[in-house]
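*Asks:* Quick one: this structure, given as structure tokens, is what I'll be asking you about.
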Amino acid sequence: MTIAVLNQAGQLLRDDLPTALFPWWSFTKPVLAALVLRAAANGAWDLDAPLHGRPLSLRHLLQHRAGVPEYGGLASYKSAVRAAEPPWSPARLLREVNSDRLDFAPGAGWNYSNSGYLILRQQLEHLHGAGLAQIMQAEILTPLGLSARLAQGAEDFALLHWPAAGYHPGWVYHGCLMGTAQDATRLLQALLHGDLLPTEARKAMLLQDMRGGPIPGRVWSEIGYGLGIMIGAAPNVGRIIGHSGCGPISANLVAAFPELPGQPIVAAFVQGGDETPAEFTAVEVAAAVAKEQAGKPL
């Protein structure tokens with residue numbers, strides 16, 4: 001396990017492995033959401049307009065309310081990944097999940113959908129006329145001075161701190177950023193407190209649309225979702241804003257704790273495909289850092 005911690009002002013408080021690289025998994029989703037919200041703020045899109053004549057909208061996709069079927073549990077997908085096959089094309093992936101047959105009418109339910117975020121990726125690439133790696137680099141990563149990048153091939157995952165065991169990042173269809181734990185905290189700090197997003201776009205991102213919880217065996221006393229970002233709570237630390245993620249190699253939680261002294265931002269990465277240990281560790285570390293910031297003994 002490794003931890004990095006910033007305070008709200010961006011001061012680095014802890015970084016266990018400053019140069020180690022980790023896959024960020026679904027912490028990539030807030031970055032995709034930021035790109036969509038920036039484009040909408042610039043007048044390129046209406047978040048609530050029907051997408052290509054279908055009843056779903058970009059906002060529905062960002063909220064996981066579009067009804068697009070999820071691919072993670074698809075037997076053919078899991079079999080292909082286990083067999084170390086080359087990743088399918090996005091078109092095949094969407095055919096395999098039968099993406100035109102929605103699980104529910106858009107807006108009428110909530111279902112976490114990586115497939116929906118693939119559609120968001122496709123919309124961004126069409127708008128910019130470029131691949132997602134180039135878009136993220138130009139719009140987000142280079143302006144922030146981060147060394148993180150979108151993993152595109154097995155050669156990228158060969159550089160990870162924990163062995164990738166042949167897993168190809170192309171199986172993560174919305175894209176998988178990779179970078180240091182500190183870079184992950186700095187990216188979240190910029191999203192929440194920097195100028196990556198106009199004020200109204202940030203407010204829209206942080207408007208909690210889905211509410212639920214608690215989740216048995218997990219840290220959450222409440223769980224929710226905004227636009228590409230998790231918004232929940234846990235005992236003793238209050239509100240948590242960020243995103244967890246997991247894959248065959250590792251898992252993580254990158255989150256801000258705005259109700260604690262110093263408003264720490266914590267990135268916790270653990271080996272193995274279960275985000276639960278990362279979530280509990282991040283909460284414990286945030287509470288300890290808050291006591292330090294408040295001048296109280298640990």
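For the structure tokens, the naming scheme is as follows: chains receive sequential letters (A, B, ...) according to their order of presentation, residues are indexed from 1 within each chain, and ligands are indexed from 1 in presentation order.
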Using only C-alpha atoms, find each residue in region 2-31 of chain A having at least one atom no more than 12 Å away from region 99-120 of chain A; report its shortest atom-to-atom pair and that distance in Å (one decimal), rows by chain then rising number, as JSON lines.

*Replies:*
{"residue": "A:Trp25", "atom": "CA", "partner": "A:Asn114", "partner_atom": "CA", "distance": 10.8}
{"residue": "A:Ser26", "atom": "CA", "partner": "A:Asn114", "partner_atom": "CA", "distance": 8.8}
{"residue": "A:Thr28", "atom": "CA", "partner": "A:Tyr117", "partner_atom": "CA", "distance": 10.0}
{"residue": "A:Lys29", "atom": "CA", "partner": "A:Tyr117", "partner_atom": "CA", "distance": 7.5}
{"residue": "A:Pro30", "atom": "CA", "partner": "A:Tyr117", "partner_atom": "CA", "distance": 10.6}
{"residue": "A:Val31", "atom": "CA", "partner": "A:Tyr117", "partner_atom": "CA", "distance": 11.2}

*Asks:* At a cut-off of 6 Å, using only C-alpha atoms, what residues contact region 5-18 of chain A? Leave out same-chain residues fewer than 6 positions from it and give the result as a ChimeraX atom specification.

*Replies:* /A:262-266

*Asks:* In terms of the shortest atom-to-atom distance over only C-alpha atoms, which of A:Gly53, A:Gly295, A:Gly217, A:Pro248 is closest to Pro163 (chain A)?

*Replies:*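 Of all the options, A:Pro248 lies closest to Pro163 (chain A).
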
*Asks:* Do a neighbour search on Phe269 (chain A) at 12 Å with only C-alpha atoms, toss out local chain neighbours closer than 2 positions, and write the hits as a short mmCIF file (atom, residue, chain, number, x, y, z; two decimals) with all heavy atoms, in the first residue's frame.

*Replies:*
data_model
loop_
_atom_site.label_atom_id
_atom_site.label_comp_id
_atom_site.auth_asym_id
_atom_site.auth_seq_id
_atom_site.Cartn_x
_atom_site.Cartn_y
_atom_site.Cartn_z
N MET A 1 0.85 -1.20 0.00
CA MET A 1 0.00 0.00 0.00
C MET A 1 0.88 1.24 0.00
O MET A 1 1.96 1.23 0.59
CB MET A 1 -0.90 0.00 1.23
CG MET A 1 -1.84 1.21 1.30
SD MET A 1 -2.96 1.16 2.71
CE MET A 1 -3.93 -0.28 2.32
N THR A 2 0.39 2.30 -0.65
CA THR A 2 1.10 3.57 -0.62
C THR A 2 0.10 4.71 -0.49
O THR A 2 -1.04 4.61 -0.95
CB THR A 2 1.97 3.76 -1.87
OG1 THR A 2 2.82 4.90 -1.69
CG2 THR A 2 1.12 3.97 -3.11
N ILE A 3 0.57 5.78 0.14
CA ILE A 3 -0.29 6.93 0.45
C ILE A 3 0.39 8.21 0.02
O ILE A 3 1.61 8.37 0.18
CB ILE A 3 -0.56 7.02 1.98
CG1 ILE A 3 -1.20 5.73 2.50
CG2 ILE A 3 -1.42 8.23 2.31
CD1 ILE A 3 -2.59 5.49 2.04
N ALA A 4 -0.40 9.15 -0.49
CA ALA A 4 0.03 10.53 -0.67
C ALA A 4 -1.06 11.43 -0.12
O ALA A 4 -2.25 11.11 -0.23
CB ALA A 4 0.30 10.86 -2.14
N VAL A 5 -0.65 12.55 0.49
CA VAL A 5 -1.60 13.46 1.11
C VAL A 5 -1.23 14.91 0.81
O VAL A 5 -0.07 15.30 0.96
CB VAL A 5 -1.66 13.29 2.65
CG1 VAL A 5 -2.77 14.14 3.25
CG2 VAL A 5 -1.85 11.83 3.03
N ASP A 15 4.12 11.44 1.10
CA ASP A 15 4.22 10.74 -0.19
C ASP A 15 5.14 9.55 0.01
O ASP A 15 6.37 9.69 0.06
CB ASP A 15 4.75 11.67 -1.28
CG ASP A 15 4.64 11.07 -2.67
OD1 ASP A 15 4.16 9.92 -2.78
OD2 ASP A 15 5.00 11.75 -3.64
N ASP A 16 4.56 8.35 0.13
CA ASP A 16 5.33 7.17 0.48
C ASP A 16 6.26 6.72 -0.64
O ASP A 16 7.39 6.28 -0.37
CB ASP A 16 4.38 6.01 0.81
CG ASP A 16 3.57 6.26 2.08
OD1 ASP A 16 3.89 7.20 2.81
OD2 ASP A 16 2.60 5.50 2.32
N LEU A 17 5.79 6.79 -1.87
CA LEU A 17 6.57 6.31 -3.02
C LEU A 17 6.52 7.36 -4.12
O LEU A 17 5.70 7.26 -5.05
CB LEU A 17 6.01 4.97 -3.52
CG LEU A 17 6.12 3.77 -2.56
CD1 LEU A 17 5.32 2.59 -3.10
CD2 LEU A 17 7.58 3.39 -2.36
N ALA A 20 6.82 5.97 -7.90
CA ALA A 20 6.12 4.76 -8.32
C ALA A 20 4.87 5.11 -9.13
O ALA A 20 4.16 6.06 -8.81
CB ALA A 20 5.73 3.92 -7.11
N LEU A 21 4.61 4.31 -10.16
CA LEU A 21 3.48 4.53 -11.05
C LEU A 21 2.37 3.51 -10.77
O LEU A 21 2.64 2.32 -10.58
CB LEU A 21 3.91 4.42 -12.51
CG LEU A 21 4.97 5.42 -12.97
CD1 LEU A 21 5.36 5.13 -14.42
CD2 LEU A 21 4.48 6.86 -12.82
N PHE A 22 1.13 4.02 -10.76
CA PHE A 22 -0.03 3.17 -10.49
C PHE A 22 -1.12 3.45 -11.53
O PHE A 22 -1.25 4.58 -12.00
CB PHE A 22 -0.60 3.47 -9.10
CG PHE A 22 0.41 3.35 -8.00
CD1 PHE A 22 1.09 4.47 -7.54
CD2 PHE A 22 0.69 2.12 -7.43
CE1 PHE A 22 2.04 4.37 -6.54
CE2 PHE A 22 1.63 2.00 -6.43
CZ PHE A 22 2.32 3.13 -5.97
N PRO A 23 -1.92 2.44 -11.88
CA PRO A 23 -3.09 2.72 -12.71
C PRO A 23 -4.16 3.39 -11.86
O PRO A 23 -4.41 2.98 -10.73
CB PRO A 23 -3.53 1.32 -13.17
CG PRO A 23 -3.03 0.39 -12.12
CD PRO A 23 -1.80 1.01 -11.53
N TRP A 24 -4.79 4.40 -12.41
CA TRP A 24 -5.78 5.16 -11.65
C TRP A 24 -7.20 4.62 -11.84
O TRP A 24 -8.11 5.07 -11.17
CB TRP A 24 -5.73 6.63 -12.05
CG TRP A 24 -4.48 7.33 -11.61
CD1 TRP A 24 -3.41 6.80 -10.94
CD2 TRP A 24 -4.15 8.71 -11.81
NE1 TRP A 24 -2.44 7.74 -10.70
CE2 TRP A 24 -2.88 8.95 -11.24
CE3 TRP A 24 -4.80 9.79 -12.43
CZ2 TRP A 24 -2.25 10.19 -11.25
CZ3 TRP A 24 -4.18 11.02 -12.46
CH2 TRP A 24 -2.93 11.23 -11.86
N TRP A 25 -7.37 3.66 -12.74
CA TRP A 25 -8.67 3.03 -12.96
C TRP A 25 -9.79 4.08 -13.09
O TRP A 25 -9.70 5.00 -13.87
CB TRP A 25 -8.95 1.99 -11.88
CG TRP A 25 -7.87 0.95 -11.71
CD1 TRP A 25 -7.14 0.70 -10.58
CD2 TRP A 25 -7.39 0.00 -12.68
NE1 TRP A 25 -6.23 -0.32 -10.78
CE2 TRP A 25 -6.36 -0.77 -12.06
CE3 TRP A 25 -7.71 -0.27 -14.01
CZ2 TRP A 25 -5.67 -1.79 -12.73
CZ3 TRP A 25 -7.02 -1.28 -14.68
CH2 TRP A 25 -6.03 -2.02 -14.04
N PHE A 27 -10.59 6.54 -11.28
CA PHE A 27 -10.29 7.94 -10.99
C PHE A 27 -10.09 8.71 -12.30
O PHE A 27 -10.02 9.94 -12.30
CB PHE A 27 -9.07 8.07 -10.08
CG PHE A 27 -8.77 9.50 -9.69
CD1 PHE A 27 -9.69 10.25 -8.99
CD2 PHE A 27 -7.57 10.09 -10.05
CE1 PHE A 27 -9.43 11.56 -8.65
CE2 PHE A 27 -7.29 11.40 -9.71
CZ PHE A 27 -8.23 12.15 -9.01
N HIS A 161 4.22 -0.06 -10.65
CA HIS A 161 4.89 -0.50 -9.42
C HIS A 161 4.57 -1.95 -9.11
O HIS A 161 5.46 -2.70 -8.67
CB HIS A 161 4.43 0.41 -8.27
CG HIS A 161 5.02 0.05 -6.94
ND1 HIS A 161 6.37 0.18 -6.67
CD2 HIS A 161 4.45 -0.43 -5.80
CE1 HIS A 161 6.61 -0.20 -5.43
NE2 HIS A 161 5.47 -0.58 -4.88
N TRP A 162 3.33 -2.37 -9.30
CA TRP A 162 2.94 -3.76 -9.10
C TRP A 162 2.78 -4.42 -10.46
O TRP A 162 2.24 -3.82 -11.40
CB TRP A 162 1.64 -3.85 -8.31
CG TRP A 162 1.80 -3.39 -6.89
CD1 TRP A 162 2.71 -3.83 -5.99
CD2 TRP A 162 1.03 -2.38 -6.21
NE1 TRP A 162 2.56 -3.17 -4.78
CE2 TRP A 162 1.54 -2.27 -4.89
CE3 TRP A 162 -0.04 -1.57 -6.57
CZ2 TRP A 162 1.02 -1.40 -3.95
CZ3 TRP A 162 -0.56 -0.69 -5.65
CH2 TRP A 162 -0.03 -0.60 -4.35
N MET A 178 -2.53 6.70 -15.72
CA MET A 178 -1.54 6.12 -14.82
C MET A 178 -0.59 7.23 -14.38
O MET A 178 -0.31 8.17 -15.13
CB MET A 178 -0.77 5.00 -15.50
CG MET A 178 -0.04 5.39 -16.77
SD MET A 178 0.85 4.00 -17.55
CE MET A 178 2.29 3.88 -16.50
N GLY A 179 -0.14 7.14 -13.14
CA GLY A 179 0.76 8.16 -12.62
C GLY A 179 1.08 7.90 -11.17
O GLY A 179 0.76 6.84 -10.62
N THR A 180 1.71 8.85 -10.53
CA THR A 180 2.07 8.71 -9.12
C THR A 180 0.86 9.01 -8.24
O THR A 180 -0.12 9.62 -8.67
CB THR A 180 3.21 9.66 -8.75
OG1 THR A 180 2.73 11.02 -8.88
CG2 THR A 180 4.43 9.45 -9.64
N ALA A 181 0.96 8.59 -6.98
CA ALA A 181 -0.10 8.91 -6.02
C ALA A 181 -0.18 10.41 -5.79
O ALA A 181 -1.27 10.97 -5.67
CB ALA A 181 0.17 8.17 -4.70
N GLN A 182 0.99 11.08 -5.73
CA GLN A 182 0.96 12.53 -5.54
C GLN A 182 0.27 13.23 -6.70
O GLN A 182 -0.51 14.18 -6.49
CB GLN A 182 2.39 13.07 -5.38
CG GLN A 182 2.42 14.57 -5.15
CD GLN A 182 3.83 15.15 -5.13
OE1 GLN A 182 4.01 16.34 -5.40
NE2 GLN A 182 4.83 14.34 -4.81
N ALA A 184 -2.10 12.11 -8.47
CA ALA A 184 -3.54 11.90 -8.31
C ALA A 184 -4.14 12.92 -7.33
O ALA A 184 -5.20 13.49 -7.59
CB ALA A 184 -3.82 10.48 -7.84
N THR A 185 -3.44 13.17 -6.21
CA THR A 185 -3.96 14.16 -5.26
C THR A 185 -3.94 15.56 -5.87
O THR A 185 -4.87 16.35 -5.67
CB THR A 185 -3.14 14.16 -3.95
OG1 THR A 185 -1.78 14.51 -4.22
CG2 THR A 185 -3.21 12.83 -3.25
N SER A 244 -13.17 6.11 -6.21
CA SER A 244 -12.42 4.87 -6.03
C SER A 244 -12.28 4.18 -7.38
O SER A 244 -12.89 4.59 -8.37
CB SER A 244 -13.12 3.96 -5.02
OG SER A 244 -14.41 3.60 -5.50
N GLY A 245 -11.47 3.15 -7.42
CA GLY A 245 -11.29 2.40 -8.65
C GLY A 245 -10.60 1.09 -8.37
O GLY A 245 -9.92 0.94 -7.36
N CYS A 246 -10.78 0.14 -9.28
CA CYS A 246 -10.08 -1.13 -9.11
C CYS A 246 -9.97 -1.85 -10.45
O CYS A 246 -10.74 -1.60 -11.38
CB CYS A 246 -10.79 -2.03 -8.10
SG CYS A 246 -12.44 -2.56 -8.59
N GLY A 247 -8.98 -2.71 -10.54
CA GLY A 247 -8.75 -3.56 -11.69
C GLY A 247 -8.02 -4.79 -11.21
O GLY A 247 -7.80 -4.98 -10.01
N ILE A 249 -4.99 -5.53 -11.14
CA ILE A 249 -3.66 -5.29 -10.57
C ILE A 249 -3.74 -4.65 -9.19
O ILE A 249 -3.02 -5.02 -8.27
CB ILE A 249 -2.85 -4.36 -11.50
CG1 ILE A 249 -2.78 -4.95 -12.91
CG2 ILE A 249 -1.47 -4.07 -10.92
CD1 ILE A 249 -2.39 -3.93 -13.97
N SER A 250 -4.62 -3.67 -9.05
CA SER A 250 -4.61 -2.83 -7.86
C SER A 250 -5.95 -2.14 -7.70
O SER A 250 -6.85 -2.28 -8.55
CB SER A 250 -3.50 -1.77 -7.96
OG SER A 250 -3.75 -0.93 -9.09
N ALA A 251 -6.07 -1.40 -6.60
CA ALA A 251 -7.28 -0.62 -6.33
C ALA A 251 -6.87 0.66 -5.64
O ALA A 251 -5.74 0.81 -5.16
CB ALA A 251 -8.25 -1.42 -5.46
N ASN A 252 -7.81 1.61 -5.58
CA ASN A 252 -7.46 2.91 -5.02
C ASN A 252 -8.69 3.69 -4.58
O ASN A 252 -9.81 3.41 -5.00
CB ASN A 252 -6.68 3.75 -6.05
CG ASN A 252 -7.46 3.97 -7.34
OD1 ASN A 252 -7.39 3.14 -8.25
ND2 ASN A 252 -8.19 5.06 -7.42
N LEU A 253 -8.43 4.67 -3.74
CA LEU A 253 -9.37 5.75 -3.48
C LEU A 253 -8.57 7.04 -3.49
O LEU A 253 -7.55 7.15 -2.79
CB LEU A 253 -10.09 5.60 -2.14
CG LEU A 253 -11.00 6.79 -1.77
CD1 LEU A 253 -12.16 6.95 -2.75
CD2 LEU A 253 -11.53 6.67 -0.34
N VAL A 254 -9.01 8.00 -4.30
CA VAL A 254 -8.45 9.35 -4.30
C VAL A 254 -9.58 10.26 -3.88
O VAL A 254 -10.60 10.34 -4.58
CB VAL A 254 -7.91 9.74 -5.69
CG1 VAL A 254 -7.25 11.12 -5.63
CG2 VAL A 254 -6.93 8.70 -6.21
N ALA A 255 -9.44 10.93 -2.74
CA ALA A 255 -10.60 11.63 -2.18
C ALA A 255 -10.19 12.82 -1.34
O ALA A 255 -9.14 12.83 -0.69
CB ALA A 255 -11.43 10.66 -1.33
N VAL A 266 -6.42 12.74 -0.03
CA VAL A 266 -5.65 11.51 0.19
C VAL A 266 -5.77 10.61 -1.03
O VAL A 266 -6.87 10.41 -1.57
CB VAL A 266 -6.15 10.76 1.44
CG1 VAL A 266 -5.35 9.47 1.65
CG2 VAL A 266 -6.08 11.64 2.67
N ALA A 267 -4.65 10.06 -1.47
CA ALA A 267 -4.64 9.00 -2.48
C ALA A 267 -4.08 7.75 -1.83
O ALA A 267 -2.95 7.77 -1.34
CB ALA A 267 -3.81 9.39 -3.69
N GLN A 271 -2.36 -3.11 -3.58
CA GLN A 271 -2.25 -4.20 -4.54
C GLN A 271 -3.45 -5.11 -4.40
O GLN A 271 -3.96 -5.35 -3.30
CB GLN A 271 -0.96 -4.98 -4.32
CG GLN A 271 -0.64 -5.97 -5.42
CD GLN A 271 0.75 -6.59 -5.27
OE1 GLN A 271 1.36 -6.49 -4.21
NE2 GLN A 271 1.24 -7.23 -6.33
N GLY A 272 -3.93 -5.64 -5.52
CA GLY A 272 -5.11 -6.50 -5.52
C GLY A 272 -6.34 -5.73 -5.98
O GLY A 272 -6.38 -4.50 -5.94
N GLY A 273 -7.35 -6.46 -6.40
CA GLY A 273 -8.50 -5.84 -7.07
C GLY A 273 -9.65 -5.45 -6.20
O GLY A 273 -10.80 -5.42 -6.68
N ASP A 274 -9.42 -5.13 -4.93
CA ASP A 274 -10.50 -4.75 -4.02
C ASP A 274 -10.22 -3.36 -3.46
O ASP A 274 -9.20 -3.15 -2.79
CB ASP A 274 -10.61 -5.77 -2.89
CG ASP A 274 -11.73 -5.46 -1.90
OD1 ASP A 274 -12.51 -4.51 -2.14
OD2 ASP A 274 -11.81 -6.15 -0.87
N GLU A 275 -11.13 -2.42 -3.72
CA GLU A 275 -10.91 -1.05 -3.27
C GLU A 275 -11.21 -0.84 -1.79
O GLU A 275 -10.87 0.19 -1.22
CB GLU A 275 -11.73 -0.05 -4.09
CG GLU A 275 -13.23 -0.18 -3.97
CD GLU A 275 -13.85 -1.04 -5.06
OE1 GLU A 275 -13.39 -2.20 -5.20
OE2 GLU A 275 -14.77 -0.58 -5.73
N THR A 276 -11.82 -1.83 -1.13
CA THR A 276 -12.22 -1.65 0.28
C THR A 276 -11.04 -1.31 1.18
O THR A 276 -11.13 -0.37 1.99
CB THR A 276 -12.94 -2.92 0.78
OG1 THR A 276 -14.06 -3.18 -0.06
CG2 THR A 276 -13.42 -2.73 2.21
N PRO A 277 -9.88 -2.02 1.13
CA PRO A 277 -8.75 -1.63 1.99
C PRO A 277 -8.25 -0.21 1.71
O PRO A 277 -7.85 0.51 2.64
CB PRO A 277 -7.68 -2.67 1.66
CG PRO A 277 -8.41 -3.83 1.10
CD PRO A 277 -9.56 -3.24 0.36
N ALA A 278 -8.27 0.21 0.44
CA ALA A 278 -7.84 1.57 0.11
C ALA A 278 -8.79 2.59 0.72
O ALA A 278 -8.36 3.65 1.21
CB ALA A 278 -7.76 1.74 -1.41
N GLU A 279 -10.08 2.30 0.69
CA GLU A 279 -11.07 3.23 1.25
C GLU A 279 -10.88 3.38 2.76
O GLU A 279 -10.85 4.51 3.28
CB GLU A 279 -12.47 2.73 0.93
CG GLU A 279 -12.81 2.78 -0.55
CD GLU A 279 -14.11 2.08 -0.90
OE1 GLU A 279 -14.67 1.35 -0.04
OE2 GLU A 279 -14.57 2.26 -2.04
N PHE A 280 -10.75 2.26 3.47
CA PHE A 280 -10.57 2.34 4.93
C PHE A 280 -9.27 3.05 5.28
O PHE A 280 -9.23 3.88 6.20
CB PHE A 280 -10.61 0.94 5.55
CG PHE A 280 -11.99 0.45 5.84
CD1 PHE A 280 -12.60 -0.49 5.01
CD2 PHE A 280 -12.70 0.93 6.93
CE1 PHE A 280 -13.89 -0.94 5.27
CE2 PHE A 280 -13.99 0.48 7.21
CZ PHE A 280 -14.59 -0.47 6.37
N THR A 281 -8.20 2.74 4.55
CA THR A 281 -6.92 3.39 4.84
C THR A 281 -6.98 4.89 4.58
O THR A 281 -6.47 5.68 5.37
CB THR A 281 -5.81 2.75 4.00
OG1 THR A 281 -5.70 1.37 4.35
CG2 THR A 281 -4.48 3.43 4.25
N ALA A 282 -7.59 5.29 3.48
CA ALA A 282 -7.69 6.71 3.17
C ALA A 282 -8.44 7.46 4.27
O ALA A 282 -8.05 8.57 4.67
CB ALA A 282 -8.39 6.91 1.82
#

*Asks:* Could you check how far CA of Leu141 (chain A) sits from CA of Arg59 (chain A), in Å to one decimal?

*Replies:*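 If I compute the distance from CA of Leu141 (chain A) to CA of Arg59 (chain A), I get 23.7 Å.
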
*Asks:* Would you please give, as a PyMOL selection string, all residues of region 70-266 of chain A that DSSP assigns to strand (DSSP E) based on the backbone?

*Replies:* chain A and resi 149-151+176-179+210-212+223-225+230-234+238-246+250-256+265-266

*Asks:* Tell me, as a short mmCIF file (atom, residue, chain, number, x, y, z; two decimals) with N, CA and C atoms, in the first residue's frame, which residues lie within 10 Å of region 221-238 of chain A, counting only C-alpha atoms; anything in the same chain fewer than 6 positions away does not count.

*Replies:*
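Output file out-v4.cif is given in full below:
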data_model
loop_
_atom_site.label_atom_id
_atom_site.label_comp_id
_atom_site.auth_asym_id
_atom_site.auth_seq_id
_atom_site.Cartn_x
_atom_site.Cartn_y
_atom_site.Cartn_z
N SER A 26 -10.80 3.97 -12.25
CA SER A 26 -11.96 4.86 -12.42
C SER A 26 -11.75 6.27 -11.88
N PHE A 27 -10.59 6.54 -11.28
CA PHE A 27 -10.29 7.94 -10.99
C PHE A 27 -10.09 8.71 -12.30
N THR A 28 -10.04 8.01 -13.42
CA THR A 28 -10.03 8.65 -14.74
C THR A 28 -11.38 9.32 -15.03
N LYS A 29 -12.46 8.82 -14.44
CA LYS A 29 -13.80 9.35 -14.74
C LYS A 29 -13.96 10.83 -14.38
N PRO A 30 -13.47 11.32 -13.23
CA PRO A 30 -13.58 12.76 -12.99
C PRO A 30 -12.87 13.61 -14.04
N VAL A 31 -11.80 13.09 -14.63
CA VAL A 31 -11.08 13.83 -15.66
C VAL A 31 -11.91 13.87 -16.95
N LEU A 32 -12.50 12.73 -17.32
CA LEU A 32 -13.42 12.72 -18.46
C LEU A 32 -14.57 13.70 -18.23
N ALA A 33 -15.13 13.68 -17.02
CA ALA A 33 -16.24 14.59 -16.72
C ALA A 33 -15.81 16.04 -16.83
N ALA A 34 -14.60 16.36 -16.35
CA ALA A 34 -14.11 17.73 -16.45
C ALA A 34 -13.98 18.17 -17.90
N VAL A 36 -15.74 17.05 -20.46
CA VAL A 36 -17.10 17.25 -20.97
C VAL A 36 -17.68 18.57 -20.47
N LEU A 37 -17.48 18.86 -19.19
CA LEU A 37 -18.03 20.09 -18.60
C LEU A 37 -17.34 21.32 -19.17
N LEU A 58 -25.75 13.68 -22.50
CA LEU A 58 -24.43 13.65 -21.86
C LEU A 58 -24.56 13.68 -20.34
N ARG A 59 -25.50 14.46 -19.83
CA ARG A 59 -25.68 14.50 -18.37
C ARG A 59 -26.08 13.13 -17.84
N HIS A 60 -27.00 12.44 -18.53
CA HIS A 60 -27.37 11.09 -18.11
C HIS A 60 -26.15 10.18 -18.05
N LEU A 61 -25.29 10.25 -19.07
CA LEU A 61 -24.09 9.42 -19.10
C LEU A 61 -23.16 9.75 -17.94
N LEU A 62 -22.94 11.03 -17.68
CA LEU A 62 -22.07 11.45 -16.59
C LEU A 62 -22.59 10.96 -15.24
N GLN A 63 -23.92 10.93 -15.09
CA GLN A 63 -24.54 10.54 -13.82
C GLN A 63 -24.72 9.04 -13.67
N HIS A 64 -24.42 8.24 -14.70
CA HIS A 64 -24.75 6.82 -14.75
C HIS A 64 -26.27 6.62 -14.72
N TRP A 110 -30.52 4.22 -11.92
CA TRP A 110 -29.07 4.47 -11.78
C TRP A 110 -28.36 3.14 -11.85
N TYR A 112 -24.18 1.92 -12.49
CA TYR A 112 -22.79 2.27 -12.81
C TYR A 112 -22.41 1.65 -14.14
N TYR A 117 -19.34 5.58 -20.10
CA TYR A 117 -18.17 6.46 -20.14
C TYR A 117 -17.33 6.23 -21.39
N ALA A 201 -19.66 25.12 -13.60
CA ALA A 201 -19.40 23.74 -14.00
C ALA A 201 -18.99 22.90 -12.79
N ARG A 202 -18.17 23.49 -11.90
CA ARG A 202 -17.78 22.76 -10.69
C ARG A 202 -18.99 22.50 -9.81
N LYS A 203 -19.87 23.48 -9.68
CA LYS A 203 -21.09 23.29 -8.89
C LYS A 203 -21.93 22.15 -9.47
N ALA A 204 -22.02 22.10 -10.80
CA ALA A 204 -22.79 21.02 -11.44
C ALA A 204 -22.15 19.67 -11.16
N MET A 205 -20.83 19.59 -11.24
CA MET A 205 -20.13 18.33 -10.98
C MET A 205 -20.41 17.84 -9.57
N LEU A 206 -20.47 18.75 -8.61
CA LEU A 206 -20.58 18.38 -7.20
C LEU A 206 -22.02 18.32 -6.69
N LEU A 207 -22.99 18.49 -7.57
CA LEU A 207 -24.39 18.36 -7.18
C LEU A 207 -24.71 16.87 -7.05
N GLN A 208 -24.98 16.43 -5.84
CA GLN A 208 -25.17 15.00 -5.59
C GLN A 208 -26.52 14.55 -6.14
N ASP A 209 -26.47 13.76 -7.20
CA ASP A 209 -27.69 13.33 -7.87
C ASP A 209 -28.20 12.01 -7.30
N MET A 210 -27.30 11.04 -7.14
CA MET A 210 -27.70 9.75 -6.59
C MET A 210 -27.29 9.68 -5.12
N ARG A 211 -28.19 9.16 -4.28
CA ARG A 211 -27.90 8.98 -2.86
C ARG A 211 -28.25 7.56 -2.45
N GLY A 212 -27.39 6.97 -1.64
CA GLY A 212 -27.65 5.62 -1.16
C GLY A 212 -26.74 5.30 0.01
N GLY A 213 -26.73 4.03 0.39
CA GLY A 213 -25.88 3.58 1.47
C GLY A 213 -26.62 3.48 2.78
N PRO A 214 -25.95 3.01 3.84
CA PRO A 214 -24.56 2.56 3.86
C PRO A 214 -24.35 1.25 3.10
N ILE A 215 -23.07 0.93 2.83
CA ILE A 215 -22.73 -0.29 2.12
C ILE A 215 -22.10 -1.26 3.11
N SER A 244 -13.17 6.11 -6.21
CA SER A 244 -12.42 4.87 -6.03
C SER A 244 -12.28 4.18 -7.38
N ALA A 255 -9.44 10.93 -2.74
CA ALA A 255 -10.60 11.63 -2.18
C ALA A 255 -10.19 12.82 -1.34
N ALA A 256 -11.08 13.81 -1.33
CA ALA A 256 -10.97 14.99 -0.48
C ALA A 256 -11.91 14.83 0.70
N PHE A 257 -11.51 15.42 1.81
CA PHE A 257 -12.29 15.35 3.05
C PHE A 257 -12.58 16.78 3.51
N PRO A 258 -13.57 17.44 2.89
CA PRO A 258 -13.75 18.88 3.08
C PRO A 258 -14.24 19.31 4.46
N GLU A 259 -14.73 18.38 5.27
CA GLU A 259 -15.22 18.75 6.59
C GLU A 259 -14.18 18.58 7.69
N LEU A 260 -12.98 18.09 7.33
CA LEU A 260 -11.92 17.90 8.31
C LEU A 260 -10.99 19.12 8.34
N PRO A 261 -10.33 19.38 9.47
CA PRO A 261 -9.34 20.46 9.52
C PRO A 261 -8.26 20.28 8.46
N GLU A 279 -10.08 2.30 0.69
CA GLU A 279 -11.07 3.23 1.25
C GLU A 279 -10.88 3.38 2.76
N PHE A 280 -10.75 2.26 3.47
CA PHE A 280 -10.57 2.34 4.93
C PHE A 280 -9.27 3.05 5.28
N VAL A 283 -9.52 6.87 4.76
CA VAL A 283 -10.29 7.51 5.84
C VAL A 283 -9.45 7.61 7.11
N GLU A 284 -8.74 6.54 7.46
CA GLU A 284 -7.90 6.56 8.66
C GLU A 284 -6.80 7.62 8.55
N ALA A 286 -6.78 10.30 6.59
CA ALA A 286 -7.38 11.64 6.60
C ALA A 286 -7.70 12.09 8.02
N ALA A 287 -8.24 11.19 8.84
CA ALA A 287 -8.56 11.54 10.22
C ALA A 287 -7.30 11.86 11.01
N ALA A 290 -5.90 15.22 9.89
CA ALA A 290 -6.74 16.31 10.41
C ALA A 290 -6.41 16.62 11.86
#

*Asks:* Which parts of region 93-126 of chain A does DSSP call helix (DSSP H, G or I) when run on the backbone here, written out as a list in words?

*Replies:*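 Taking region 93-126 of chain A and keeping helix (DSSP H, G or I) gives Leu93, Leu94, Arg95, Glu96, Asn114, Ser115, Gly116, Tyr117, Leu118, Ile119, Leu120, Arg121, Gln122, Gln123, Leu124, Glu125 and His126 of chain A.
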